[in-house]
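File shown: query_21.cif. Contents: mmCIF, C-alpha atoms and all ligand atoms.
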data_final
loop_
_atom_site.label_atom_id
_atom_site.label_comp_id
_atom_site.auth_asym_id
_atom_site.auth_seq_id
_atom_site.Cartn_x
_atom_site.Cartn_y
_atom_site.Cartn_z
CA MET A 1 -5.52 12.99 40.08
CA ASN A 2 -8.25 10.80 41.32
CA ILE A 3 -7.30 7.31 40.30
CA ILE A 4 -10.76 5.84 40.64
CA ARG A 5 -12.55 8.59 38.80
CA ASP A 6 -10.00 9.19 36.05
CA VAL A 7 -8.60 5.74 35.34
CA ILE A 8 -10.56 2.81 36.66
CA LYS A 9 -14.06 4.11 35.87
CA PRO A 10 -13.49 4.99 32.22
CA ILE A 11 -11.57 1.81 31.55
CA SER A 12 -14.23 -0.38 33.10
CA LYS A 13 -16.88 1.51 31.19
CA GLY A 14 -15.02 0.85 27.96
CA MET A 15 -14.42 -2.76 28.77
CA LYS A 16 -18.11 -3.21 29.49
CA ILE A 17 -18.87 -2.36 25.88
CA THR A 18 -16.20 -4.79 24.74
CA LEU A 19 -17.66 -7.48 26.94
CA ARG A 20 -21.17 -6.81 25.71
CA HIS A 21 -20.11 -7.20 22.10
CA PHE A 22 -18.09 -10.26 22.99
CA LEU A 23 -21.17 -11.97 24.37
CA GLU A 24 -23.46 -11.03 21.51
CA PRO A 25 -24.18 -13.66 18.86
CA LYS A 26 -21.67 -13.59 16.04
CA ASP A 27 -22.49 -12.00 12.70
CA THR A 28 -20.04 -14.07 10.73
CA VAL A 29 -21.30 -16.49 8.10
CA SER A 30 -18.55 -19.10 7.82
CA TYR A 31 -19.07 -19.27 4.12
CA PRO A 32 -18.12 -22.69 2.76
CA GLU A 33 -19.85 -24.48 5.63
CA GLN A 34 -22.76 -22.09 6.03
CA ARG A 35 -24.34 -20.03 3.34
CA LYS A 36 -26.04 -16.76 3.80
CA GLU A 37 -29.63 -16.86 2.68
CA GLN A 38 -30.10 -15.45 -0.80
CA PHE A 39 -32.73 -12.86 -1.47
CA PRO A 40 -35.60 -13.95 -3.69
CA ARG A 41 -34.54 -11.76 -6.59
CA THR A 42 -30.85 -12.61 -6.45
CA ARG A 43 -29.42 -12.64 -9.94
CA TRP A 44 -26.50 -14.87 -10.72
CA ARG A 45 -25.87 -17.54 -13.28
CA HIS A 46 -28.41 -17.90 -16.08
CA VAL A 47 -30.57 -20.91 -16.68
CA LEU A 48 -32.45 -21.65 -19.89
CA LEU A 49 -35.79 -23.07 -18.94
CA ARG A 50 -37.91 -25.75 -20.55
CA TYR A 51 -41.63 -26.31 -20.64
CA GLU A 52 -43.05 -29.12 -18.54
CA ASN A 53 -43.07 -31.38 -21.59
CA GLY A 54 -39.34 -30.90 -22.09
CA LEU A 55 -39.40 -28.53 -25.08
CA GLU A 56 -37.11 -25.54 -24.82
CA ARG A 57 -38.71 -22.23 -24.09
CA CYS A 58 -36.15 -20.30 -26.11
CA ILE A 59 -37.29 -19.48 -29.64
CA GLY A 60 -34.05 -17.94 -30.80
CA CYS A 61 -35.43 -14.45 -31.23
CA SER A 62 -32.24 -12.69 -30.03
CA LEU A 63 -34.17 -10.13 -28.04
CA CYS A 64 -32.05 -10.92 -25.01
CA ALA A 65 -28.90 -10.30 -27.02
CA GLY A 66 -30.31 -6.97 -28.12
CA ALA A 67 -31.22 -5.95 -24.59
CA CYS A 68 -27.91 -6.96 -23.10
CA PRO A 69 -25.95 -3.82 -22.24
CA VAL A 70 -22.58 -5.50 -22.63
CA ARG A 71 -23.49 -7.62 -25.68
CA CYS A 72 -22.34 -10.82 -24.09
CA ILE A 73 -25.08 -13.07 -25.50
CA TYR A 74 -24.73 -14.77 -28.85
CA VAL A 75 -27.77 -16.44 -30.37
CA GLU A 76 -27.87 -18.33 -33.61
CA ALA A 77 -31.34 -19.46 -34.59
CA ALA A 78 -32.41 -22.34 -36.80
CA GLU A 79 -35.74 -23.63 -38.06
CA ASN A 80 -37.60 -26.35 -36.25
CA THR A 81 -38.81 -29.22 -38.36
CA ASP A 82 -41.42 -31.77 -37.40
CA GLU A 83 -38.76 -34.47 -37.20
CA GLU A 84 -36.42 -32.37 -35.16
CA ARG A 85 -38.32 -30.23 -32.76
CA TYR A 86 -36.65 -28.32 -29.98
CA SER A 87 -39.14 -25.60 -29.16
CA PRO A 88 -42.84 -25.13 -29.80
CA GLY A 89 -42.47 -22.22 -32.23
CA GLU A 90 -40.98 -22.07 -35.68
CA ARG A 91 -37.42 -21.47 -34.62
CA TYR A 92 -35.09 -22.49 -31.84
CA ALA A 93 -31.66 -21.39 -30.70
CA LYS A 94 -29.08 -23.57 -32.38
CA ARG A 95 -26.28 -21.90 -30.53
CA TYR A 96 -26.77 -19.92 -27.40
CA GLU A 97 -23.71 -18.64 -25.65
CA ILE A 98 -23.18 -16.23 -22.79
CA ASN A 99 -19.86 -14.83 -21.76
CA LEU A 100 -20.32 -15.07 -18.02
CA LEU A 101 -17.20 -13.02 -17.39
CA ARG A 102 -18.43 -10.04 -19.38
CA CYS A 103 -21.96 -10.33 -18.05
CA ILE A 104 -22.86 -7.94 -15.27
CA TYR A 105 -25.88 -9.94 -14.05
CA CYS A 106 -28.26 -7.08 -14.60
CA GLY A 107 -31.20 -9.28 -15.58
CA TYR A 108 -32.16 -7.28 -18.68
CA CYS A 109 -32.11 -10.46 -20.73
CA GLN A 110 -34.62 -11.97 -18.34
CA ASP A 111 -36.89 -8.93 -18.76
CA ALA A 112 -36.58 -8.90 -22.52
CA CYS A 113 -37.32 -12.54 -23.16
CA PRO A 114 -40.86 -12.99 -24.54
CA THR A 115 -41.16 -16.61 -23.48
CA GLY A 116 -39.48 -16.39 -20.09
CA ALA A 117 -36.76 -18.74 -21.30
CA ILE A 118 -33.76 -17.18 -19.66
CA VAL A 119 -33.75 -16.57 -15.94
CA LEU A 120 -31.00 -15.69 -13.52
CA ARG A 121 -30.65 -17.98 -10.56
CA GLU A 122 -28.68 -18.07 -7.32
CA ASP A 123 -25.56 -19.98 -8.34
CA TYR A 124 -22.82 -17.50 -7.53
CA GLU A 125 -19.85 -19.86 -7.34
CA LEU A 126 -18.50 -19.06 -10.76
CA ALA A 127 -14.83 -18.20 -10.29
CA ASP A 128 -12.42 -20.09 -12.51
CA TYR A 129 -8.82 -20.21 -13.68
CA THR A 130 -9.11 -19.44 -17.37
CA ARG A 131 -11.11 -17.02 -19.41
CA GLU A 132 -12.25 -19.72 -21.80
CA ALA A 133 -14.05 -21.50 -19.00
CA PHE A 134 -16.55 -18.67 -18.75
CA ILE A 135 -18.17 -19.15 -22.14
CA ALA A 136 -21.38 -20.84 -21.12
CA THR A 137 -22.84 -22.80 -24.01
CA LYS A 138 -26.44 -23.79 -24.46
CA GLU A 139 -25.78 -27.26 -23.07
CA MET A 140 -24.39 -25.78 -19.88
CA LEU A 141 -27.22 -23.30 -19.51
CA LEU A 142 -30.20 -25.50 -20.30
CA GLU A 143 -31.89 -26.99 -17.32
CA PRO A 144 -31.96 -30.79 -17.37
CA LEU A 145 -34.84 -32.60 -18.98
CA PRO A 146 -37.72 -33.09 -16.60
CA VAL A 147 -37.90 -36.58 -15.20
CA ARG A 148 -41.25 -38.20 -15.76
CA ASP A 149 -42.79 -39.10 -12.47
CA GLU A 150 -44.58 -42.27 -13.53
CA VAL A 151 -45.86 -43.06 -10.07
CA ALA A 152 -47.60 -39.70 -9.86
CA GLU A 153 -49.01 -40.17 -13.35
CA ALA A 154 -50.41 -43.56 -12.44
CA MET A 155 -51.88 -42.12 -9.26
CA ALA A 156 -53.56 -39.34 -11.23
CA LYS A 157 -55.34 -41.82 -13.51
CA MET B 1 -8.80 -25.70 6.07
CA GLU B 2 -8.86 -29.14 4.47
CA LYS B 3 -12.51 -29.49 5.24
CA ARG B 4 -13.48 -26.24 3.62
CA VAL B 5 -11.87 -27.15 0.34
CA GLN B 6 -13.35 -30.59 0.28
CA GLU B 7 -16.79 -29.27 0.91
CA ILE B 8 -16.48 -27.03 -2.11
CA VAL B 9 -15.39 -29.97 -4.21
CA LEU B 10 -18.54 -31.81 -3.33
CA ARG B 11 -20.79 -29.01 -4.36
CA ASP B 12 -19.26 -27.90 -7.60
CA SER B 13 -18.18 -29.94 -10.55
CA SER B 14 -16.11 -27.18 -12.12
CA THR B 15 -13.58 -27.16 -9.30
CA PRO B 16 -10.44 -28.92 -10.46
CA ALA B 17 -9.76 -32.25 -8.90
CA ILE B 18 -6.58 -31.90 -6.92
CA PRO B 19 -3.95 -34.20 -8.34
CA ASN B 20 -2.38 -36.73 -6.10
CA LEU B 21 -0.44 -34.66 -3.68
CA GLU B 22 1.58 -37.32 -1.99
CA ILE B 23 5.02 -38.41 -3.06
CA GLY B 24 5.35 -37.59 -6.72
CA GLY B 25 8.83 -37.79 -8.16
CA ASN B 26 10.94 -35.98 -5.64
CA VAL B 27 11.27 -37.96 -2.44
CA LEU B 28 13.56 -35.50 -0.70
CA VAL B 29 11.50 -32.34 -0.82
CA THR B 30 8.02 -33.61 -1.30
CA ARG B 31 6.98 -33.19 2.32
CA LEU B 32 8.64 -29.81 2.39
CA ASP B 33 6.59 -28.97 -0.62
CA GLU B 34 3.41 -29.61 1.27
CA ILE B 35 4.52 -27.69 4.33
CA VAL B 36 5.57 -24.71 2.26
CA ASN B 37 2.32 -24.78 0.34
CA TRP B 38 0.33 -25.15 3.52
CA ALA B 39 2.02 -22.13 5.04
CA ARG B 40 1.65 -20.09 1.91
CA ARG B 41 -1.96 -20.74 1.23
CA ASN B 42 -3.04 -20.11 4.80
CA SER B 43 -1.38 -16.76 5.25
CA ILE B 44 -1.89 -14.87 2.03
CA PHE B 45 -1.47 -11.16 2.51
CA PRO B 46 -3.54 -9.30 -0.07
CA LEU B 47 -2.53 -5.96 -1.41
CA THR B 48 -4.88 -3.04 -0.95
CA PHE B 49 -5.76 -2.51 -4.55
CA GLY B 50 -9.30 -1.34 -4.86
CA LEU B 51 -9.89 0.54 -8.07
CA ALA B 52 -13.64 0.99 -8.26
CA CYS B 53 -16.98 -0.24 -6.95
CA CYS B 54 -15.79 -3.85 -6.58
CA ALA B 55 -13.48 -2.66 -3.83
CA ILE B 56 -16.50 -2.08 -1.61
CA GLU B 57 -17.32 -5.75 -1.80
CA MET B 58 -13.68 -6.60 -1.17
CA MET B 59 -13.80 -4.50 1.98
CA SER B 60 -16.97 -6.15 3.15
CA THR B 61 -15.33 -9.52 2.54
CA ALA B 62 -12.73 -8.54 5.10
CA ALA B 63 -15.34 -7.21 7.52
CA ALA B 64 -17.12 -9.13 10.25
CA ARG B 65 -19.91 -10.68 8.23
CA PHE B 66 -17.68 -12.68 5.92
CA ASP B 67 -14.43 -12.35 7.84
CA LEU B 68 -11.55 -13.11 5.54
CA ALA B 69 -9.47 -13.65 8.68
CA ARG B 70 -10.84 -17.17 8.75
CA PHE B 71 -8.55 -17.88 5.82
CA GLY B 72 -5.59 -15.93 7.15
CA MET B 73 -6.07 -13.21 4.57
CA GLU B 74 -7.26 -10.31 6.66
CA VAL B 75 -3.98 -8.36 6.62
CA PHE B 76 -4.49 -6.03 3.69
CA ARG B 77 -1.08 -4.55 3.04
CA ALA B 78 -0.52 -1.12 1.65
CA SER B 79 3.02 -1.92 0.58
CA PRO B 80 3.56 -4.32 -2.33
CA ARG B 81 6.74 -5.56 -0.69
CA GLN B 82 4.69 -7.20 2.02
CA ALA B 83 1.94 -8.62 -0.12
CA ASP B 84 1.46 -11.98 -1.86
CA LEU B 85 -1.84 -11.49 -3.55
CA MET B 86 -3.14 -8.70 -5.67
CA ILE B 87 -6.92 -8.56 -5.78
CA VAL B 88 -7.55 -6.28 -8.74
CA ALA B 89 -10.94 -5.00 -7.67
CA GLY B 90 -12.40 -2.70 -10.23
CA ARG B 91 -11.84 -1.32 -13.68
CA VAL B 92 -8.27 -0.68 -14.74
CA SER B 93 -7.95 2.44 -16.82
CA LYS B 94 -5.18 2.73 -19.36
CA LYS B 95 -3.47 5.29 -17.16
CA MET B 96 -3.58 2.95 -14.20
CA ALA B 97 -2.13 0.03 -16.16
CA PRO B 98 1.58 0.97 -15.86
CA VAL B 99 1.10 1.66 -12.17
CA LEU B 100 -0.53 -1.70 -11.71
CA ARG B 101 2.27 -3.44 -13.54
CA GLN B 102 4.88 -1.64 -11.47
CA ILE B 103 3.20 -2.59 -8.23
CA TYR B 104 2.97 -6.17 -9.43
CA ASP B 105 6.68 -6.18 -10.22
CA GLN B 106 7.45 -4.85 -6.77
CA MET B 107 5.72 -7.74 -5.06
CA PRO B 108 8.10 -10.48 -3.86
CA ALA B 109 8.27 -13.68 -5.87
CA PRO B 110 5.51 -16.12 -4.99
CA LYS B 111 2.67 -13.84 -5.94
CA TRP B 112 -0.82 -14.33 -7.21
CA VAL B 113 -3.40 -12.19 -8.89
CA VAL B 114 -7.15 -12.43 -8.53
CA SER B 115 -9.09 -10.47 -11.07
CA MET B 116 -12.27 -9.46 -9.32
CA GLY B 117 -15.35 -8.42 -11.21
CA ALA B 118 -16.34 -8.13 -14.82
CA CYS B 119 -14.34 -4.95 -15.39
CA ALA B 120 -11.01 -6.24 -14.16
CA SER B 121 -11.48 -9.58 -15.88
CA CYS B 122 -12.49 -8.40 -19.33
CA GLY B 123 -13.58 -4.80 -19.31
CA GLY B 124 -17.17 -5.56 -18.35
CA ILE B 125 -19.60 -2.89 -19.33
CA PHE B 126 -16.83 -0.47 -20.24
CA ASN B 127 -15.91 -1.58 -23.70
CA ASN B 128 -14.31 1.73 -24.58
CA TYR B 129 -11.04 3.52 -25.17
CA ALA B 130 -10.28 4.24 -21.53
CA ILE B 131 -10.46 0.85 -19.88
CA VAL B 132 -8.05 -2.05 -20.25
CA GLN B 133 -10.05 -4.98 -21.60
CA GLY B 134 -8.94 -7.46 -19.00
CA VAL B 135 -6.14 -7.09 -16.51
CA ASP B 136 -4.59 -10.28 -17.87
CA GLN B 137 -3.19 -8.16 -20.66
CA ILE B 138 -0.84 -6.64 -18.09
CA VAL B 139 -0.27 -9.22 -15.38
CA PRO B 140 -0.84 -12.99 -15.26
CA VAL B 141 -4.13 -13.71 -13.56
CA ASP B 142 -4.68 -16.81 -11.47
CA VAL B 143 -8.38 -16.68 -10.72
CA TYR B 144 -11.13 -14.72 -12.42
CA VAL B 145 -14.25 -13.80 -10.53
CA PRO B 146 -17.27 -12.82 -12.61
CA GLY B 147 -19.98 -10.56 -11.30
CA CYS B 148 -20.68 -6.89 -11.05
CA PRO B 149 -19.71 -6.78 -8.28
CA PRO B 150 -19.04 -10.31 -7.10
CA SER B 151 -20.64 -10.82 -3.74
CA PRO B 152 -18.28 -11.44 -0.82
CA ASP B 153 -19.05 -15.13 -0.86
CA ALA B 154 -18.22 -15.31 -4.55
CA LEU B 155 -14.88 -13.69 -3.79
CA ILE B 156 -14.24 -16.09 -0.95
CA TYR B 157 -15.04 -18.94 -3.30
CA ALA B 158 -12.41 -17.58 -5.68
CA LEU B 159 -9.89 -17.29 -2.90
CA ILE B 160 -10.54 -20.90 -1.92
CA LYS B 161 -9.90 -21.83 -5.52
CA LEU B 162 -6.66 -19.87 -5.33
CA GLN B 163 -5.73 -21.82 -2.22
CA GLN B 164 -6.37 -25.01 -4.15
CA LYS B 165 -4.14 -23.80 -6.92
CA ILE B 166 -1.35 -22.94 -4.50
CA ARG B 167 -1.74 -26.40 -3.07
CA THR B 168 -0.88 -27.95 -6.40
CA GLN B 169 2.32 -25.97 -6.84
CA ARG B 170 5.62 -27.80 -6.69
CA LEU B 171 8.74 -26.72 -4.92
CA GLY B 172 10.76 -26.65 -8.12
CA MET B 173 8.23 -24.18 -9.34
CA LEU B 174 8.41 -22.19 -6.15
CA LEU B 175 12.18 -21.90 -6.29
CA GLU B 176 12.18 -20.48 -9.76
CA LEU B 177 12.67 -16.77 -10.02
CA LYS B 178 9.50 -16.37 -11.97
CA PRO B 179 7.22 -19.02 -10.56
CA ARG B 180 4.34 -18.49 -12.91
CA THR B 181 5.74 -18.44 -16.39
CA GLU B 182 3.64 -21.40 -17.51
CA PRO B 183 0.01 -21.68 -16.53
CA LEU B 184 -1.37 -24.86 -15.12
CA ALA B 185 -2.61 -27.09 -17.86
CA ILE B 186 -6.33 -27.36 -17.51
CA GLU B 187 -8.15 -30.09 -19.28
CA ARG B 188 -11.83 -30.14 -19.89
CA GLY B 189 -13.85 -33.24 -20.43
CA ASN B 190 -17.39 -34.28 -19.46
CA GLY B 191 -17.84 -30.83 -18.05
CA VAL B 192 -15.46 -31.73 -15.23
CA GLN B 193 -12.19 -29.90 -14.99
CA ALA B 194 -8.97 -31.28 -13.70
CA ILE B 195 -5.55 -29.81 -13.33
CA THR B 196 -3.30 -32.22 -15.09
CA GLY B 197 0.41 -32.59 -14.94
CA GLU B 198 2.78 -32.00 -12.09
CA LYS B 199 3.58 -28.46 -13.01
S1 LIG C 1 -27.69 -10.39 -17.11
FE1 LIG C 1 -27.42 -8.44 -18.23
S2 LIG C 1 -25.28 -8.49 -18.87
FE2 LIG C 1 -25.80 -10.58 -18.28
S3 LIG C 1 -26.41 -11.56 -20.18
FE3 LIG C 1 -28.28 -10.77 -19.23
S4 LIG C 1 -28.57 -8.73 -20.14
FE4 LIG C 1 -26.45 -9.35 -20.55
S1 LIG C 2 -33.68 -16.49 -24.40
FE1 LIG C 2 -35.62 -15.46 -24.81
S2 LIG C 2 -35.04 -13.48 -25.69
FE2 LIG C 2 -33.21 -14.80 -25.80
S3 LIG C 2 -33.31 -15.73 -27.84
FE3 LIG C 2 -34.31 -17.15 -26.44
S4 LIG C 2 -36.49 -16.59 -26.53
FE4 LIG C 2 -35.36 -14.86 -27.42
S1 LIG C 3 -17.40 -5.11 -12.27
FE1 LIG C 3 -19.12 -3.77 -11.75
S2 LIG C 3 -18.85 -3.40 -9.56
FE2 LIG C 3 -16.88 -4.15 -10.34
S3 LIG C 3 -15.71 -2.34 -10.89
FE3 LIG C 3 -16.80 -2.99 -12.72
S4 LIG C 3 -18.70 -1.79 -12.72
FE4 LIG C 3 -17.85 -1.70 -10.64
#
Re-express the file's structure as structure tokens.
Amino acid sequence: MNIIRDVIKPISKGMKITLRHFLEPKDTVSYPEQRKEQFPRTRWRHVLLRYENGLERCIGCSLCAGACPVRCIYVEAAENTDEERYSPGERYAKRYEINLLRCIYCGYCQDACPTGAIVLREDYELADYTREAFIATKEMLLEPLPVRDEVAEAMAK
Amino acid sequence: MEKRVQEIVLRDSSTPAIPNLEIGGNVLVTRLDEIVNWARRNSIFPLTFGLACCAIEMMSTAAARFDLARFGMEVFRASPRQADLMIVAGRVSKKMAPVLRQIYDQMPAPKWVVSMGACASCGGIFNNYAIVQGVDQIVPVDVYVPGCPPSPDALIYALIKLQQKIRTQRLGMLLELKPRTEPLAIERGNGVQAITGEK
């Protein structure tokens, strides 16, 4: 048995591969400190959008609930009045709830919505300790009211 | 490990505030408490329990890109006797339910369950006769992870939440034969959650 040819050469050849991989940059994303970049069409937690003037986009038509394959959206509509106006149309969603646990984040609700009210965004940190915590109500889903940028308005004048 | 948890707390208001961990009530074992909890939460051995498509994401969580070894959880055990954590990854059919329960019963006492994915947590898209509508009907679940499937980072987030939960456990609770008979009381107010009570 030739010790150089049969032992040392193959081992050093193998270790070369090990060494090469050891010196390569690491693939690991150390998650809580770093985040991997999200793709532009990533679909996670829903957001109910508003128009620029603060009115809700949702008109309570329940089309999203109809399109949802797991039936995890509940919409209860009510009429807008001139005193109490939530959305530009006739009706608005009085209650809007999504069971985020049942939801499969398929985005069909986003496709079905005629006003583009519901969109799925990148917030994937949704795990929780109880099942009740996953019922997302309208207040939790609605994006915050736009802040009026008075400086920019004054500049525009 | 401390740093990781705190960073999560900063970013997310739904993470429970950790109650005051220093001396509470029992002066003799309170430090021991912390040491035991520290050891437990940093070397959780998960059980290999992939049931469906979610298991693929569980595997990729353990792989190089997300590297569960950073949390001391990379040793997926095939034997329930050596495992602390059951990640139920995938849909549980009614035929699988007794098996799952038996495996859970075979795990040694401080044990935790993470229900991964919409199917394991509540049946997901399979609202039919064959699938158990939520694995919490069979075993007590500690953390639910929504998503279909949850991405590896979402699962790691859930595991960090599990570590936080283990951190709040008390030694009296750990010494009991069945450590998890009562769930942690979770209070909700102003949209911020907090685990209340010593239990
Ligand atoms: S993303 Fe899919 S499953 Fe989730 S609420 Fe929308 S339609 Fe339903
Ligand atoms: S979110 Fe869109 S589809 Fe759903 S009720 Fe509102 S307007 Fe209709
Ligand atoms: S939640 Fe989705 S990915 Fe996970 S087991 Fe069910 S169908 Fe598969």
Pull the closest atom pair for each residue of chain B that gets at most 7 Å from chain A, along with the distance in Å to one decimal, counting all atoms listed in the file, ordering rows by chain and then ascending residue number, as a tab-separated table.
residue	atom	partner	partner_atom	distance
B:Arg4	CA	A:Pro32	CA	5.9
B:Glu7	CA	A:Pro32	CA	7.0
B:Ile8	CA	A:Pro32	CA	6.7
B:Ala64	CA	A:Thr28	CA	5.8
B:Arg65	CA	A:Thr28	CA	4.2
B:Phe66	CA	A:Thr28	CA	5.5
B:Asp67	CA	A:Thr28	CA	6.5
B:Ala118	CA	A:Arg102	CA	5.4
B:Ser121	CA	A:Leu101	CA	6.8
B:Cys122	CA	A:Arg102	CA	6.2
B:Gly124	CA	A:Arg102	CA	4.8
B:Ile125	CA	A:Val70	CA	5.2
B:Asp142	CA	A:Tyr129	CA	5.8
B:Val143	CA	A:Tyr129	CA	4.6
B:Tyr144	CA	A:Ala127	CA	5.5
B:Val145	CA	A:Ala127	CA	4.4
B:Pro146	CA	A:Leu101	CA	4.8
B:Gly147	CA	A:Ile104	CA	5.6
B:Cys148	CA	A:Ile104	CA	4.9
B:Asp153	CA	A:Tyr31	CA	6.5
B:Ala154	CA	A:Glu125	CA	5.6
B:Tyr157	CA	A:Glu125	CA	6.3
B:Ala158	CA	A:Ala127	CA	5.2
- Item | Neighbour residues at most 9 Å from (-32.9, -18.3, -28.3) (all atoms listed in the file) as a PyMOL selection string | chain A and resi 57-64+74-77+91-96+113+117-118
- Message: Report, in Å with one decimal, the straight-line distance from CA of Thr61 (chain B) to CA of Cys109 (chain A).
- Response: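 One can read the CA of Thr61 (chain B) to CA of Cys109 (chain A) distance as 28.7 Å.
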- Item | Between atom FE1 of ligand LIG 3 (chain C) and CA of Ala52 (chain B), distance in Å (one decimal) |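 It comes out at 8.1 Å.
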Contacts of chain B with ligand LIG 3 (chain C) up to 9 Å, shortest pair per row, only C-alpha atoms and all ligand atoms, as a Markdown table:
| residue | atom | partner | partner_atom | distance |
| --- | --- | --- | --- | --- |
| B:Gly50 | CA | C:LIG3 | S3 | 8.9 |
| B:Leu51 | CA | C:LIG3 | S3 | 7.1 |
| B:Ala52 | CA | C:LIG3 | S3 | 4.7 |
| B:Cys53 | CA | C:LIG3 | FE4 | 4.1 |
| B:Cys54 | CA | C:LIG3 | FE2 | 3.9 |
| B:Ala55 | CA | C:LIG3 | S3 | 7.4 |
| B:Ile56 | CA | C:LIG3 | S2 | 8.4 |
| B:Glu57 | CA | C:LIG3 | S2 | 8.3 |
| B:Ala89 | CA | C:LIG3 | S3 | 6.3 |
| B:Gly90 | CA | C:LIG3 | S3 | 3.4 |
| B:Arg91 | CA | C:LIG3 | S3 | 4.9 |
| B:Val92 | CA | C:LIG3 | S3 | 8.5 |
| B:Met116 | CA | C:LIG3 | FE2 | 7.1 |
| B:Gly117 | CA | C:LIG3 | S1 | 4.0 |
| B:Ala118 | CA | C:LIG3 | S1 | 4.1 |
| B:Cys119 | CA | C:LIG3 | FE3 | 4.1 |
| B:Ala120 | CA | C:LIG3 | S1 | 6.8 |
| B:Ser121 | CA | C:LIG3 | S1 | 8.2 |
| B:Gly123 | CA | C:LIG3 | FE3 | 7.6 |
| B:Gly124 | CA | C:LIG3 | S1 | 6.1 |
| B:Ile125 | CA | C:LIG3 | S4 | 6.8 |
| B:Phe126 | CA | C:LIG3 | S4 | 7.9 |
| B:Pro146 | CA | C:LIG3 | S1 | 7.7 |
| B:Gly147 | CA | C:LIG3 | S1 | 6.1 |
| B:Cys148 | CA | C:LIG3 | FE1 | 3.6 |
| B:Pro149 | CA | C:LIG3 | S2 | 3.7 |
| B:Pro150 | CA | C:LIG3 | FE2 | 7.3 |
How would the residues just chosen look if you wrote them out with C-alpha atoms as a tab-separated table (two decimals), in the frame of the given file?
chain	number	residue	atom	x	y	z
B	50	GLY	CA	-9.30	-1.34	-4.86
B	51	LEU	CA	-9.89	0.54	-8.07
B	52	ALA	CA	-13.64	0.99	-8.26
B	53	CYS	CA	-16.98	-0.24	-6.95
B	54	CYS	CA	-15.79	-3.85	-6.58
B	55	ALA	CA	-13.48	-2.66	-3.83
B	56	ILE	CA	-16.50	-2.08	-1.61
B	57	GLU	CA	-17.32	-5.75	-1.80
B	89	ALA	CA	-10.94	-5.00	-7.67
B	90	GLY	CA	-12.40	-2.70	-10.23
B	91	ARG	CA	-11.84	-1.32	-13.68
B	92	VAL	CA	-8.27	-0.68	-14.74
B	116	MET	CA	-12.27	-9.46	-9.32
B	117	GLY	CA	-15.35	-8.42	-11.21
B	118	ALA	CA	-16.34	-8.13	-14.82
B	119	CYS	CA	-14.34	-4.95	-15.39
B	120	ALA	CA	-11.01	-6.24	-14.16
B	121	SER	CA	-11.48	-9.58	-15.88
B	123	GLY	CA	-13.58	-4.80	-19.31
B	124	GLY	CA	-17.17	-5.56	-18.35
B	125	ILE	CA	-19.60	-2.89	-19.33
B	126	PHE	CA	-16.83	-0.47	-20.24
B	146	PRO	CA	-17.27	-12.82	-12.61
B	147	GLY	CA	-19.98	-10.56	-11.30
B	148	CYS	CA	-20.68	-6.89	-11.05
B	149	PRO	CA	-19.71	-6.78	-8.28
B	150	PRO	CA	-19.04	-10.31	-7.10
- Query: Quick one, how far is CA of Val132 (chain B) from CA of Ala65 (chain A)?
  - Reply: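 Computing it gives 23.4 Å between the two atoms.
Each of A:Leu49, A:Ile3, A:His21, A:Gln38 was checked against Leu145 (chain A) using all atoms listed in the file; the smallest atom-to-atom distance is that of A:Leu49.
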- Top pick for closest residue to ligand LIG 1 (chain C), considering A:Leu19, A:Met155, A:Leu120, A:Ile8 and counting all atoms listed in the file: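 Of the candidates, the smallest distance to ligand LIG 1 (chain C) is held by A:Leu120.
Nearest to ligand LIG 2 (chain C) of all the residues A:Tyr108, A:Glu52, A:Arg148, A:Pro10 is A:Tyr108, based on all atoms listed in the file.
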- Task: Considering all atoms listed in the file, return as a PyMOL selection string whatever protein or nucleic-acid residues lie within 10 Å of Ile103 (chain B), sequence-local ones (same chain, fewer than 2 positions apart) excluded.
- Result: chain B and resi 47+49+79-81+86+97-101+105-107
- Message: I'd like to know which of A:Arg85, A:Thr115, A:Thr137, A:Lys16 is closest to Ile73 (chain A), using all atoms listed in the file.
- Response: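 Checking each candidate against Ile73 (chain A), we get A:Thr137 as the closest.
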- Task: Would you list the contacts of Arg41 (chain B) as a PyMOL selection string, taking every protein, DNA or RNA residue within 8 Å and counting only C-alpha atoms, but skipping same-chain residues closer than 4 positions in sequence?
- Result: chain B and resi 37+163+166-167
- Task: Quick one: residues within 10 Å of (-12.8, -9.2, 7.4) (file frame), counting only C-alpha atoms, please, as a list in words.
- Result: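 Within 10 Å of (-12.8, -9.2, 7.4), the protein and nucleic acid residues are Thr28 of chain A; Met58, Met59, Ser60, Thr61, Ala62, Ala63, Ala64, Arg65, Phe66, Asp67, Leu68, Ala69, Arg70, Phe71, Gly72, Met73, Glu74, Val75 and Phe76 of chain B.
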Which centre and edge lengths in Å to one decimal define the box along x, y and z that fits every listed atom of ligand LIG 1 (chain C) plus 8 Å per side, as lines of an AutoDock Vina configuration file?
center_x = -26.9
center_y = -10.0
center_z = -18.8
size_x = 19.3
size_y = 19.1
size_z = 19.4
